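Trainee: Next comes the structure file work_28.cif, holding mmCIF, C-alpha atoms and all ligand atoms.
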data_coords
loop_
_atom_site.label_atom_id
_atom_site.label_comp_id
_atom_site.auth_asym_id
_atom_site.auth_seq_id
_atom_site.Cartn_x
_atom_site.Cartn_y
_atom_site.Cartn_z
CA MET A 2 -2.64 2.42 -1.80
CA LYS A 3 0.48 2.63 0.36
CA ILE A 4 2.09 -0.77 0.97
CA LYS A 5 1.62 -0.43 4.73
CA THR A 6 -2.14 0.08 4.33
CA TRP A 7 -2.36 -2.77 1.81
CA MET A 8 -0.56 -5.17 4.16
CA LYS A 9 -3.39 -4.70 6.70
CA TRP A 10 -5.93 -5.77 4.06
CA TYR A 11 -3.62 -8.61 2.98
CA ARG A 12 -3.27 -10.06 6.49
CA LYS A 13 -7.07 -10.19 6.74
CA ILE A 14 -7.33 -11.78 3.27
CA LEU A 15 -4.79 -14.48 4.27
CA LYS A 16 -6.89 -15.27 7.34
CA ASP A 17 -10.31 -15.19 5.64
CA PHE A 18 -9.31 -17.38 2.67
CA GLY A 19 -6.65 -19.52 4.35
CA PHE A 20 -4.03 -18.52 1.74
CA LYS A 21 -0.36 -18.97 2.72
CA GLN A 22 1.91 -15.93 2.39
CA GLU A 23 4.93 -18.23 1.69
CA GLU A 24 3.05 -19.72 -1.29
CA ASP A 25 2.19 -16.26 -2.66
CA GLU A 26 5.87 -15.30 -2.29
CA LYS A 27 7.10 -18.47 -4.00
CA SER A 28 4.99 -17.60 -7.07
CA ALA A 29 6.08 -13.94 -6.94
CA LYS A 30 9.75 -15.02 -6.94
CA TYR A 31 9.13 -17.26 -9.95
CA LEU A 32 7.48 -14.38 -11.83
CA ASN A 33 10.28 -12.00 -10.81
CA LYS A 34 12.93 -14.38 -12.16
CA PHE A 35 11.04 -15.00 -15.38
CA LEU A 36 10.67 -11.26 -15.99
CA GLU A 37 14.36 -10.68 -15.19
CA LYS A 38 15.23 -12.92 -18.13
CA HIS A 39 12.41 -11.87 -20.47
CA CYS A 40 12.42 -8.10 -20.27
CA ALA A 41 9.91 -6.91 -17.68
CA LEU A 42 7.73 -3.89 -18.35
CA ASN A 43 7.50 -1.27 -15.63
CA LEU A 44 4.73 1.23 -14.88
CA ASP A 45 6.30 3.87 -17.16
CA ASP A 46 6.02 1.49 -20.15
CA LEU A 47 2.24 1.20 -19.80
CA PRO A 48 -0.22 3.59 -21.48
CA HIS A 49 -1.17 6.48 -19.16
CA SER A 50 -4.45 8.40 -19.27
CA ASN A 51 -6.60 10.62 -17.08
CA THR A 52 -9.61 8.46 -18.00
CA ALA A 53 -9.75 4.69 -17.71
CA ILE A 54 -12.54 2.25 -18.50
CA VAL A 55 -12.18 -0.83 -16.28
CA CYS A 56 -14.13 -3.87 -17.46
CA GLY A 57 -15.06 -6.73 -15.12
CA ALA A 58 -16.64 -10.11 -15.83
CA GLY A 59 -20.01 -9.57 -14.12
CA PRO A 60 -23.42 -10.24 -15.76
CA SER A 61 -23.76 -6.66 -17.07
CA ILE A 62 -20.60 -6.89 -19.21
CA GLU A 63 -22.46 -8.06 -22.33
CA LYS A 64 -24.65 -4.95 -22.22
CA HIS A 65 -21.78 -2.66 -21.16
CA VAL A 66 -19.32 -3.68 -23.92
CA LYS A 67 -21.64 -1.97 -26.42
CA ILE A 68 -21.27 1.29 -24.45
CA VAL A 69 -17.50 0.74 -24.06
CA LYS A 70 -17.25 0.47 -27.85
CA LYS A 71 -18.75 3.96 -28.20
CA ILE A 72 -16.71 5.68 -25.47
CA LYS A 73 -13.36 3.87 -25.66
CA SER A 74 -11.59 6.76 -27.40
CA LYS A 75 -12.08 8.85 -24.22
CA GLY A 76 -9.32 6.94 -22.41
CA ILE A 77 -7.63 3.59 -21.91
CA VAL A 78 -9.55 0.31 -21.70
CA ILE A 79 -8.41 -2.12 -19.01
CA ALA A 80 -9.87 -5.65 -19.03
CA ALA A 81 -9.99 -7.66 -15.82
CA ASP A 82 -9.09 -11.18 -16.88
CA GLY A 83 -12.20 -12.95 -18.27
CA ALA A 84 -13.72 -9.65 -19.45
CA THR A 85 -11.15 -9.79 -22.30
CA THR A 86 -13.38 -12.33 -24.10
CA ALA A 87 -16.45 -10.07 -23.91
CA LEU A 88 -14.38 -7.17 -25.32
CA LEU A 89 -12.90 -9.23 -28.17
CA ASN A 90 -16.43 -10.38 -29.08
CA GLU A 91 -17.17 -6.68 -29.78
CA GLU A 92 -13.84 -6.26 -31.59
CA ILE A 93 -12.39 -4.14 -28.78
CA ILE A 94 -8.72 -4.84 -28.03
CA PRO A 95 -8.05 -3.73 -24.44
CA ASP A 96 -4.99 -1.53 -23.91
CA ILE A 97 -4.19 -3.53 -20.76
CA ILE A 98 -5.30 -6.91 -19.37
CA VAL A 99 -5.03 -7.50 -15.61
CA THR A 100 -5.00 -11.25 -15.00
CA ASP A 101 -4.07 -14.08 -12.68
CA LEU A 102 -4.27 -16.30 -15.78
CA ASP A 103 -7.61 -17.98 -15.10
CA GLY A 104 -9.70 -16.18 -17.71
CA TYR A 105 -10.16 -17.79 -21.15
CA MET A 106 -6.43 -17.95 -21.98
CA PRO A 107 -6.69 -18.36 -25.80
CA ASP A 108 -8.41 -14.94 -25.91
CA ILE A 109 -5.90 -13.33 -23.52
CA ILE A 110 -3.03 -14.65 -25.68
CA LYS A 111 -4.83 -13.44 -28.84
CA ALA A 112 -5.39 -9.92 -27.42
CA ASN A 113 -1.75 -9.81 -26.27
CA LYS A 114 -0.62 -10.66 -29.84
CA LEU A 115 -2.89 -7.85 -31.11
CA GLY A 116 -1.28 -5.30 -28.75
CA SER A 117 -2.70 -5.61 -25.21
CA VAL A 118 -0.12 -5.31 -22.45
CA VAL A 119 -0.65 -8.01 -19.78
CA VAL A 120 -0.31 -7.30 -16.07
CA VAL A 121 0.18 -10.80 -14.65
CA HIS A 122 -0.61 -11.40 -10.98
CA SER A 123 1.29 -14.11 -9.12
CA HIS A 124 -0.29 -15.87 -6.14
CA GLY A 125 -0.04 -19.15 -4.26
CA ASP A 126 -2.64 -20.85 -6.44
CA ASN A 127 -1.36 -20.00 -9.90
CA LEU A 128 2.27 -21.14 -10.02
CA LYS A 129 1.38 -23.91 -12.51
CA LYS A 130 -0.43 -21.39 -14.72
CA LEU A 131 2.57 -19.01 -14.55
CA LYS A 132 4.83 -21.83 -15.73
CA LYS A 133 2.43 -22.78 -18.54
CA TYR A 134 1.39 -19.36 -19.87
CA LEU A 135 4.23 -16.88 -19.26
CA PRO A 136 6.23 -18.29 -22.20
CA LYS A 137 3.18 -17.76 -24.44
CA LEU A 138 2.91 -14.03 -23.58
CA LYS A 139 4.91 -10.85 -24.36
CA ASN A 140 4.84 -7.27 -22.98
CA ILE A 141 4.31 -8.39 -19.37
CA MET A 142 4.30 -6.41 -16.13
CA GLY A 143 4.28 -8.44 -12.89
CA THR A 144 2.29 -8.01 -9.66
CA THR A 145 2.07 -9.69 -6.26
CA GLN A 146 -0.19 -9.31 -3.22
CA SER A 147 2.77 -9.76 -0.87
CA LYS A 148 6.12 -7.94 -0.72
CA PRO A 149 7.06 -6.23 -4.01
CA LEU A 150 10.21 -7.43 -5.81
CA LYS A 151 12.45 -5.85 -8.46
CA ASN A 152 10.15 -6.77 -11.38
CA VAL A 153 6.96 -7.43 -9.44
CA TYR A 154 4.78 -4.55 -8.23
CA ASN A 155 2.28 -4.27 -5.42
CA PHE A 156 0.13 -1.14 -5.74
CA GLY A 157 -2.77 -2.72 -3.84
CA GLY A 158 -5.74 -4.74 -4.99
CA PHE A 159 -6.98 -8.28 -4.59
CA THR A 160 -9.21 -9.51 -7.42
CA ASP A 161 -8.31 -8.70 -11.01
CA GLY A 162 -11.06 -6.06 -11.20
CA ASP A 163 -10.18 -3.98 -8.15
CA ARG A 164 -6.45 -4.38 -8.89
CA ALA A 165 -7.20 -2.93 -12.34
CA VAL A 166 -8.74 0.14 -10.65
CA PHE A 167 -5.64 0.59 -8.44
CA LEU A 168 -3.50 0.28 -11.58
CA ALA A 169 -5.60 2.90 -13.42
CA ILE A 170 -4.88 5.37 -10.59
CA LYS A 171 -1.14 4.63 -10.86
CA LEU A 172 -1.43 5.38 -14.59
CA GLY A 173 -2.84 8.82 -13.87
CA ALA A 174 -6.59 8.24 -14.07
CA LYS A 175 -8.76 10.87 -12.40
CA LYS A 176 -11.96 9.45 -13.89
CA ILE A 177 -12.61 5.72 -13.87
CA ILE A 178 -15.62 4.18 -15.60
CA LEU A 179 -16.62 0.72 -14.39
CA ALA A 180 -18.22 -1.71 -16.87
CA GLY A 181 -19.36 -5.22 -15.93
CA MET A 182 -18.35 -4.61 -12.32
CA ASP A 183 -21.57 -5.87 -10.72
CA PHE A 184 -20.05 -7.62 -7.68
CA GLY A 185 -23.10 -9.35 -6.11
CA GLU A 186 -23.61 -13.13 -6.14
CA LYS A 187 -23.76 -14.09 -9.82
CA ILE A 188 -20.89 -15.15 -12.07
CA THR A 189 -20.67 -15.45 -15.84
CA LYS A 190 -19.09 -17.69 -18.46
CA TYR A 191 -16.48 -14.93 -18.90
CA SER A 192 -15.40 -15.35 -15.29
CA ARG A 193 -15.61 -19.16 -15.42
CA PRO A 194 -14.80 -20.33 -18.97
CA LYS A 195 -16.02 -23.87 -18.19
CA LEU A 196 -19.50 -22.76 -17.06
CA SER A 197 -22.27 -24.42 -19.11
CA ARG A 198 -24.85 -21.64 -18.50
CA ASP A 199 -24.31 -17.92 -19.22
CA VAL A 200 -24.86 -16.85 -15.58
CA GLU A 201 -24.78 -18.89 -12.36
CA GLU A 202 -24.84 -18.46 -8.59
CA ALA A 203 -21.28 -17.88 -7.35
CA ASP A 204 -19.78 -20.28 -4.79
CA GLU A 205 -19.09 -18.97 -1.26
CA ILE A 206 -15.39 -18.25 -1.95
CA LYS A 207 -16.20 -16.26 -5.11
CA LYS A 208 -18.90 -14.33 -3.22
CA LEU A 209 -16.33 -13.38 -0.58
CA LYS A 210 -13.80 -12.38 -3.27
CA LEU A 211 -16.42 -10.12 -4.85
CA LYS A 212 -17.20 -8.59 -1.42
CA TYR A 213 -13.50 -7.73 -1.04
CA ALA A 214 -13.44 -6.27 -4.57
CA GLU A 215 -16.41 -4.05 -3.71
CA LYS A 216 -14.94 -2.96 -0.35
CA LEU A 217 -11.59 -2.09 -1.95
CA ILE A 218 -13.33 0.07 -4.54
CA GLU A 219 -15.30 1.75 -1.73
CA TRP A 220 -11.94 2.42 -0.05
CA ILE A 221 -10.76 4.14 -3.25
CA VAL A 222 -13.92 6.28 -3.39
CA ASP A 223 -13.35 7.36 0.24
CA ASN A 224 -9.58 7.88 0.10
CA LYS A 225 -8.49 8.82 -3.41
CA ASN A 226 -9.11 11.93 -5.42
CA VAL A 227 -10.77 10.11 -8.34
CA GLU A 228 -14.24 10.08 -9.81
CA ILE A 229 -15.61 6.55 -10.13
CA LYS A 230 -18.64 6.08 -12.37
CA LYS A 231 -20.43 2.75 -12.66
CA LEU A 232 -22.16 2.18 -16.02
CA ARG A 233 -25.87 1.28 -15.67
N1 LIG A 301 -20.40 -10.55 -10.66
C1 LIG A 301 -19.12 -10.65 -11.01
N2 LIG A 301 -18.63 -11.83 -11.43
C2 LIG A 301 -17.33 -11.92 -11.79
N3 LIG A 301 -16.45 -10.90 -11.79
C3 LIG A 301 -16.87 -9.72 -11.37
C4 LIG A 301 -18.22 -9.55 -10.97
N4 LIG A 301 -18.36 -8.28 -10.60
C5 LIG A 301 -17.16 -7.71 -10.73
N5 LIG A 301 -16.26 -8.57 -11.21
C6 LIG A 301 -14.83 -8.26 -11.44
O1 LIG A 301 -14.39 -8.85 -12.67
C7 LIG A 301 -13.08 -9.39 -12.49
C8 LIG A 301 -12.77 -10.42 -13.54
O2 LIG A 301 -13.42 -11.60 -13.26
P1 LIG A 301 -12.65 -13.01 -13.06
O3 LIG A 301 -13.69 -13.91 -12.51
O4 LIG A 301 -12.05 -13.34 -14.38
O5 LIG A 301 -11.56 -12.60 -11.95
P2 LIG A 301 -10.66 -13.24 -10.80
O6 LIG A 301 -10.25 -12.06 -9.99
O7 LIG A 301 -9.58 -14.05 -11.40
O8 LIG A 301 -11.53 -14.19 -9.91
P3 LIG A 301 -11.32 -15.73 -9.52
O9 LIG A 301 -10.15 -15.83 -8.65
O10 LIG A 301 -12.59 -16.09 -8.83
O11 LIG A 301 -11.14 -16.47 -10.83
C9 LIG A 301 -13.10 -9.89 -11.04
O12 LIG A 301 -11.79 -9.90 -10.56
C10 LIG A 301 -13.97 -8.86 -10.32
O13 LIG A 301 -13.20 -7.83 -9.75
N1 LIG A 302 -3.45 -17.31 -3.04
C1 LIG A 302 -4.44 -16.81 -3.79
N2 LIG A 302 -4.48 -15.50 -4.05
C2 LIG A 302 -5.44 -14.98 -4.85
C3 LIG A 302 -6.44 -15.80 -5.40
C4 LIG A 302 -6.41 -17.19 -5.09
O1 LIG A 302 -7.28 -17.97 -5.53
N3 LIG A 302 -5.39 -17.66 -4.29
N4 LIG A 302 -7.39 -15.25 -6.23
C5 LIG A 302 -7.36 -13.97 -6.55
C6 LIG A 302 -8.29 -13.40 -7.55
O2 LIG A 302 -9.56 -13.45 -7.21
C7 LIG A 302 -6.36 -13.05 -6.02
N5 LIG A 302 -5.43 -13.66 -5.13
MG MG A 303 -8.52 -14.13 -12.73
#
Could you write out this file's structure as structure tokens?
Ligand SMILES: Nc1ncnc2c1ncn2[C@@H]1O[C@H](COP(=O)(O)OP(=O)(O)OP(=O)(O)O)[C@@H](O)[C@H]1O
Ligand SMILES: Nc1nc2c(c(=O)[nH]1)N=C(CO)CN2
Ligand SMILES: [Mg+2]
Mentor:
Amino acid sequence: MKIKTWMKWYRKILKDFGFKQEEDEKSAKYLNKFLEKHCALNLDDLPHSNTAIVCGAGPSIEKHVKIVKKIKSKGIVIAADGATTALLNEEIIPDIIVTDLDGYMPDIIKANKLGSVVVVHSHGDNLKKLKKYLPKLKNIMGTTQSKPLKNVYNFGGFTDGDRAVFLAIKLGAKKIILAGMDFGEKITKYSRPKLSRDVEEADEIKKLKLKYAEKLIEWIVDNKNVEIKKLR
């Protein structure tokens, strides 16, 4: 998505969620500085493929990881944050993890050690997590939802799942398979590591985030020359 088009979505997101652009930019600057010192990856360093399997943390992920295991050699596997845990449980190491660092971090760190590249998103509500977890990670590419910086990209996307789809397009994907990308109103223990039950009703903010994720993927279907297939 062109930055000008994204900024229209972003202004609406700021209003709907009450996020502060200055706070998002403060985190982005921190990430930019960290990556300046610790060898940032850029888009060219990431694995490219004409097929990408993007895994989200919705209720269907447990069923879908079994299918992902069978088809993963067809392209690259991208995990959206908490979906990393579901993949590791099936012994699948994602090629890329797209995260704002609120999935189950021990698994994200483990997958990173085993070879997953991490695409870390900075926003106004994760500065503390950036400070805590960036030093524990390697092979990092940075993203922001505000203005891009030298080491921090903005190719569009809001939640980890839809941002992963925008990333897949940047990496050359013409076919994108969605696993565990239910959207809807239910969340899982993969999305909320502290959840006591496996699946629960999402709170109103999470429901709105998932609506945005769905709308952004609809935008891709309408505007980009890619085939998007949702696993059943
Ligand atoms: N029903 C669902 N529940 C959770 N995630 C889903 C669902 N359907 C699709 N997803 C995708 O899976 C991604 C990974 O989930 P996760 O909850 O870890 O992400 P997140 O973007 O960090 O959200 P949050 O800010 O609420 O923590 C989401 O970003 C979303 O795009
Ligand atoms: N400021 C801010 N930005 C975000 C947030 C969030 O909680 N706060 N959550 C996101 C992933 O769903 C993406 N962007
Ligand atoms: Mg997240």
Trainee: Mind pulling up the distance from atom CA of Lys133 of chain A to atom CA of Gly104 of chain A?
Mentor: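 Going from atom CA of Gly104 of chain A over to atom CA of Lys133 of chain A, I get 13.8 Å.
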Trainee: Can you tell me, as lines of an AutoDock Vina configuration file, the centre and edge lengths (Å, one decimal) of the axis-aligned box enclosing all of ligand LIG 301 (chain A)'s listed atoms after padding each side by 4 Å?
Mentor:
center_x = -15.0
center_y = -12.1
center_z = -11.5
size_x = 18.8
size_y = 16.8
size_z = 13.7
Trainee: Considering all atoms listed in the file, state which residue in the set A:Lys34, A:Lys13, A:Lys3, A:Lys21 is at the smallest distance from ligand LIG 302 (chain A).
Mentor: A:Lys21
Trainee: Counting all atoms listed in the file, name the residues that have an atom within 8 Å of an atom of ligand LIG 301 (chain A); the answer should be given as a ChimeraX atom specification.
Mentor: /A:56-60,80-84,100-104,159-164,181-189,191-193,203,206-207,210-211,214-215
Trainee: Taking into account only C-alpha atoms, which residue in the set A:Glu228, A:Asp199, A:Glu205, A:Asp223 is nearest to Ile177 of chain A?
Mentor: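 Among the listed residues, A:Glu228 lies closest to Ile177 of chain A.
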Trainee: Hey, which of A:Ser123, A:Asn155, A:Thr52, A:Asn226 ends up closest to ligand LIG 302 (chain A)? Count all atoms listed in the file.
Mentor: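 Of A:Ser123, A:Asn155, A:Thr52, A:Asn226, the one nearest ligand LIG 302 (chain A), counting all atoms listed in the file, is A:Ser123.
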Trainee: Need a file for segment 67-182 of chain A from that block: C-alpha atoms, written as a PDB file, in the first residue's frame.
Mentor:
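File written: part11.pdb
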ATOM      1  CA  LYS A  67      -1.733 -29.547  10.502  1.00  0.00           C
ATOM      2  CA  ILE A  68      -2.455 -28.418   6.908  1.00  0.00           C
ATOM      3  CA  VAL A  69       0.408 -25.876   7.047  1.00  0.00           C
ATOM      4  CA  LYS A  70       2.764 -28.717   7.978  1.00  0.00           C
ATOM      5  CA  LYS A  71       1.833 -30.541   4.764  1.00  0.00           C
ATOM      6  CA  ILE A  72       2.012 -27.558   2.391  1.00  0.00           C
ATOM      7  CA  LYS A  73       4.817 -25.459   3.905  1.00  0.00           C
ATOM      8  CA  SER A  74       7.348 -26.433   1.232  1.00  0.00           C
ATOM      9  CA  LYS A  75       5.202 -24.584  -1.356  1.00  0.00           C
ATOM     10  CA  GLY A  76       6.379 -21.196  -0.064  1.00  0.00           C
ATOM     11  CA  ILE A  77       7.381 -19.172   2.982  1.00  0.00           C
ATOM     12  CA  VAL A  78       5.582 -19.422   6.319  1.00  0.00           C
ATOM     13  CA  ILE A  79       4.908 -16.131   8.102  1.00  0.00           C
ATOM     14  CA  ALA A  80       3.611 -16.259  11.694  1.00  0.00           C
ATOM     15  CA  ALA A  81       1.629 -13.348  13.087  1.00  0.00           C
ATOM     16  CA  ASP A  82       2.855 -12.982  16.650  1.00  0.00           C
ATOM     17  CA  GLY A  83       1.043 -15.491  18.909  1.00  0.00           C
ATOM     18  CA  ALA A  84       0.566 -17.953  16.030  1.00  0.00           C
ATOM     19  CA  THR A  85       4.293 -18.771  16.461  1.00  0.00           C
ATOM     20  CA  THR A  86       3.406 -20.958  19.474  1.00  0.00           C
ATOM     21  CA  ALA A  87       0.845 -22.991  17.507  1.00  0.00           C
ATOM     22  CA  LEU A  88       3.435 -23.535  14.736  1.00  0.00           C
ATOM     23  CA  LEU A  89       6.213 -24.569  17.140  1.00  0.00           C
ATOM     24  CA  ASN A  90       3.792 -27.057  18.751  1.00  0.00           C
ATOM     25  CA  GLU A  91       3.696 -28.778  15.329  1.00  0.00           C
ATOM     26  CA  GLU A  92       7.484 -28.440  14.943  1.00  0.00           C
ATOM     27  CA  ILE A  93       7.140 -25.796  12.225  1.00  0.00           C
ATOM     28  CA  ILE A  94       9.704 -22.986  12.450  1.00  0.00           C
ATOM     29  CA  PRO A  95       8.247 -19.960  10.649  1.00  0.00           C
ATOM     30  CA  ASP A  96      10.528 -18.257   8.119  1.00  0.00           C
ATOM     31  CA  ILE A  97       9.333 -14.882   9.426  1.00  0.00           C
ATOM     32  CA  ILE A  98       7.525 -13.707  12.585  1.00  0.00           C
ATOM     33  CA  VAL A  99       5.590 -10.425  12.448  1.00  0.00           C
ATOM     34  CA  THR A 100       5.153  -9.162  16.008  1.00  0.00           C
ATOM     35  CA  ASP A 101       4.503  -6.206  18.265  1.00  0.00           C
ATOM     36  CA  LEU A 102       6.034  -8.358  21.028  1.00  0.00           C
ATOM     37  CA  ASP A 103       2.845  -9.352  22.848  1.00  0.00           C
ATOM     38  CA  GLY A 104       2.672 -12.987  21.745  1.00  0.00           C
ATOM     39  CA  TYR A 105       4.203 -15.679  23.991  1.00  0.00           C
ATOM     40  CA  MET A 106       7.731 -14.214  23.972  1.00  0.00           C
ATOM     41  CA  PRO A 107       9.685 -17.340  25.092  1.00  0.00           C
ATOM     42  CA  ASP A 108       8.437 -19.084  21.915  1.00  0.00           C
ATOM     43  CA  ILE A 109       9.194 -16.082  19.683  1.00  0.00           C
ATOM     44  CA  ILE A 110      12.735 -15.933  21.117  1.00  0.00           C
ATOM     45  CA  LYS A 111      13.095 -19.719  20.671  1.00  0.00           C
ATOM     46  CA  ALA A 112      11.938 -19.608  17.010  1.00  0.00           C
ATOM     47  CA  ASN A 113      14.283 -16.656  16.372  1.00  0.00           C
ATOM     48  CA  LYS A 114      17.213 -18.709  17.754  1.00  0.00           C
ATOM     49  CA  LEU A 115      16.158 -21.572  15.437  1.00  0.00           C
ATOM     50  CA  GLY A 116      16.214 -19.293  12.365  1.00  0.00           C
ATOM     51  CA  SER A 117      13.022 -17.187  12.145  1.00  0.00           C
ATOM     52  CA  VAL A 118      13.588 -13.580  11.120  1.00  0.00           C
ATOM     53  CA  VAL A 119      11.541 -11.193  13.314  1.00  0.00           C
ATOM     54  CA  VAL A 120       9.731  -8.173  11.919  1.00  0.00           C
ATOM     55  CA  VAL A 121       9.220  -6.051  15.033  1.00  0.00           C
ATOM     56  CA  HIS A 122       6.466  -3.435  15.022  1.00  0.00           C
ATOM     57  CA  SER A 123       6.876  -0.330  17.172  1.00  0.00           C
ATOM     58  CA  HIS A 124       3.829   1.523  18.490  1.00  0.00           C
ATOM     59  CA  GLY A 125       2.862   3.827  21.332  1.00  0.00           C
ATOM     60  CA  ASP A 126       1.910   0.962  23.632  1.00  0.00           C
ATOM     61  CA  ASN A 127       4.959  -1.262  23.318  1.00  0.00           C
ATOM     62  CA  LEU A 128       7.982   0.914  24.126  1.00  0.00           C
ATOM     63  CA  LYS A 129       8.578  -1.023  27.376  1.00  0.00           C
ATOM     64  CA  LYS A 130       8.427  -4.322  25.474  1.00  0.00           C
ATOM     65  CA  LEU A 131      10.863  -2.977  22.847  1.00  0.00           C
ATOM     66  CA  LYS A 132      13.309  -2.086  25.623  1.00  0.00           C
ATOM     67  CA  LYS A 133      12.908  -5.496  27.273  1.00  0.00           C
ATOM     68  CA  TYR A 134      12.918  -7.831  24.268  1.00  0.00           C
ATOM     69  CA  LEU A 135      14.983  -6.246  21.468  1.00  0.00           C
ATOM     70  CA  PRO A 136      18.251  -7.197  23.215  1.00  0.00           C
ATOM     71  CA  LYS A 137      17.036 -10.815  23.373  1.00  0.00           C
ATOM     72  CA  LEU A 138      16.445 -11.026  19.585  1.00  0.00           C
ATOM     73  CA  LYS A 139      18.625 -11.164  16.440  1.00  0.00           C
ATOM     74  CA  ASN A 140      17.896 -10.817  12.692  1.00  0.00           C
ATOM     75  CA  ILE A 141      15.373  -8.004  13.173  1.00  0.00           C
ATOM     76  CA  MET A 142      13.586  -5.806  10.648  1.00  0.00           C
ATOM     77  CA  GLY A 143      11.656  -2.811  12.042  1.00  0.00           C
ATOM     78  CA  THR A 144       8.203  -1.427  11.207  1.00  0.00           C
ATOM     79  CA  THR A 145       6.032   1.513  12.249  1.00  0.00           C
ATOM     80  CA  GLN A 146       2.459   2.597  11.521  1.00  0.00           C
ATOM     81  CA  SER A 147       3.542   6.239  11.267  1.00  0.00           C
ATOM     82  CA  LYS A 148       6.262   7.877   9.161  1.00  0.00           C
ATOM     83  CA  PRO A 149       8.959   5.429   7.997  1.00  0.00           C
ATOM     84  CA  LEU A 150      12.534   6.001   9.225  1.00  0.00           C
ATOM     85  CA  LYS A 151      15.928   4.817   7.963  1.00  0.00           C
ATOM     86  CA  ASN A 152      15.676   1.371   9.599  1.00  0.00           C
ATOM     87  CA  VAL A 153      11.926   1.259  10.181  1.00  0.00           C
ATOM     88  CA  TYR A 154       9.540   0.422   7.332  1.00  0.00           C
ATOM     89  CA  ASN A 155       5.892   1.214   6.764  1.00  0.00           C
ATOM     90  CA  PHE A 156       4.412  -0.888   3.954  1.00  0.00           C
ATOM     91  CA  GLY A 157       0.894  -0.672   5.408  1.00  0.00           C
ATOM     92  CA  GLY A 158      -0.954  -2.858   7.870  1.00  0.00           C
ATOM     93  CA  PHE A 159      -2.313  -2.522  11.373  1.00  0.00           C
ATOM     94  CA  THR A 160      -2.569  -5.806  13.294  1.00  0.00           C
ATOM     95  CA  ASP A 161       0.238  -8.340  13.076  1.00  0.00           C
ATOM     96  CA  GLY A 162      -1.837 -10.572  10.771  1.00  0.00           C
ATOM     97  CA  ASP A 163      -2.777  -8.051   8.097  1.00  0.00           C
ATOM     98  CA  ARG A 164       0.697  -6.462   8.293  1.00  0.00           C
ATOM     99  CA  ALA A 165       2.091  -9.942   7.573  1.00  0.00           C
ATOM    100  CA  VAL A 166      -0.045 -10.073   4.397  1.00  0.00           C
ATOM    101  CA  PHE A 167       1.261  -6.643   3.269  1.00  0.00           C
ATOM    102  CA  LEU A 168       4.797  -7.896   3.963  1.00  0.00           C
ATOM    103  CA  ALA A 169       4.200 -11.078   1.919  1.00  0.00           C
ATOM    104  CA  ILE A 170       3.250  -8.902  -1.079  1.00  0.00           C
ATOM    105  CA  LYS A 171       6.460  -6.862  -0.644  1.00  0.00           C
ATOM    106  CA  LEU A 172       8.366 -10.166  -0.670  1.00  0.00           C
ATOM    107  CA  GLY A 173       6.908 -11.078  -4.047  1.00  0.00           C
ATOM    108  CA  ALA A 174       3.920 -13.235  -3.106  1.00  0.00           C
ATOM    109  CA  LYS A 175       1.270 -13.649  -5.790  1.00  0.00           C
ATOM    110  CA  LYS A 176      -0.552 -16.356  -3.840  1.00  0.00           C
ATOM    111  CA  ILE A 177      -1.218 -15.955  -0.130  1.00  0.00           C
ATOM    112  CA  ILE A 178      -2.754 -18.727   1.955  1.00  0.00           C
ATOM    113  CA  LEU A 179      -4.375 -17.619   5.219  1.00  0.00           C
ATOM    114  CA  ALA A 180      -4.356 -20.020   8.187  1.00  0.00           C
ATOM    115  CA  GLY A 181      -5.940 -19.200  11.561  1.00  0.00           C
ATOM    116  CA  MET A 182      -7.139 -15.857  10.212  1.00  0.00           C
TER     117      MET A 182
END
